Amino acid sequence: MNEQQAVDDPYKGFADLFKQLAAESGRQPSAVIGKIVSPPPALKVSVNGMVLDSKYFWVDEYWVQGHTRTHKGHIVSETQPRAGGGGDAEFASHTHDIHNDYTDTETLTDTWKVGDHVFLVPILGDDKKTAHQFFIWGKAVRLDGNYG
């Protein structure tokens, strides 16, 4: 099926894709590598010659731009030794204890970019054989840089 046929009938293209994946794995669809065509929020991924949009994907919320995480903890440490003044005893080298609770908020701004490769894990339907959607596990890179 060429890309124009998939655009004309996306449901047939989607069904054909998963039949192909199922046939290749023997029993059920297996993981594949896709390529980002359009980053979130208008996510589109090319996989096996088809371009799928966001309705076919689940993603880890940490990959969504603007996702906010809050960190809480307790720091126990001390400052670096410092001296000062004119050599008087009260200005001798000393440290200060740090014993503080903290809360830190982090807003994530990175996400996938056009051309990034992602690891797609099929989500099986009720029949336990047919994939209806994918979970995008994360960005995939090859150490040799060959994406052939």
# chains A, B, ... in the order shown; residues from 1 in each chain; ligands from 1
call {"tool": "residues_around", "arguments": {"residues": "Thr68 of chain A", "least_positions_apart": "5", "cutoff": "7 Å", "atoms": "only C-alpha atoms", "output": "PDB file with N, CA and C atoms, in the first residue's frame"}}
result
ATOM      1  N   THR A 105      10.214  22.892  41.859  1.00  0.00           N
ATOM      2  CA  THR A 105       9.319  22.595  40.743  1.00  0.00           C
ATOM      3  C   THR A 105      10.099  22.687  39.448  1.00  0.00           C
ATOM      4  N   GLU A 106       9.895  21.688  38.588  1.00  0.00           N
ATOM      5  CA  GLU A 106      10.594  21.602  37.307  1.00  0.00           C
ATOM      6  C   GLU A 106       9.542  21.510  36.214  1.00  0.00           C
ATOM      7  N   THR A 107       9.651  22.353  35.200  1.00  0.00           N
ATOM      8  CA  THR A 107       8.749  22.281  34.047  1.00  0.00           C
ATOM      9  C   THR A 107       9.562  21.806  32.860  1.00  0.00           C
ATOM     10  N   LEU A 108       9.160  20.686  32.284  1.00  0.00           N
ATOM     11  CA  LEU A 108       9.906  20.081  31.180  1.00  0.00           C
ATOM     12  C   LEU A 108       9.552  20.786  29.872  1.00  0.00           C
TER      13      LEU A 108
END
call {"tool": "residues_around", "arguments": {"residues": "Thr79 of chain A", "least_positions_apart": "4", "cutoff": "9 Å", "atoms": "only C-alpha atoms", "output": "list in words"}}
result
His94, Thr95, His96, Asp97 and Ile98 of chain A
call {"tool": "write_last_selection", "arguments": {"atoms": "C-alpha atoms", "output": "PDB file, in the first residue's frame"}}
result
ATOM      1  CA  HIS A  94      34.600  28.096  59.655  1.00  0.00           C
ATOM      2  CA  THR A  95      31.591  26.318  58.096  1.00  0.00           C
ATOM      3  CA  HIS A  96      27.828  26.500  58.571  1.00  0.00           C
ATOM      4  CA  ASP A  97      25.517  23.484  58.849  1.00  0.00           C
ATOM      5  CA  ILE A  98      22.764  23.137  56.260  1.00  0.00           C
TER       6      ILE A  98
END
call {"tool": "select_by_dssp", "arguments": {"residues": "segment 18-141 of chain A", "states": "strand (DSSP E)", "output": "MDAnalysis selection string"}}
result
chainID A and resid 32:38 44:47 50:53 57:59 68:78 97:107 117:124 131:140
call {"tool": "atom_distance", "arguments": {"atom1": "atom CA of Gly13 of chain A", "atom2": "atom CA of Pro122 of chain A"}}
result
16.0 Å
call {"tool": "atom_distance", "arguments": {"atom1": "atom CA of Asp110 of chain A", "atom2": "atom CA of Gly73 of chain A"}}
result
24.5 Å
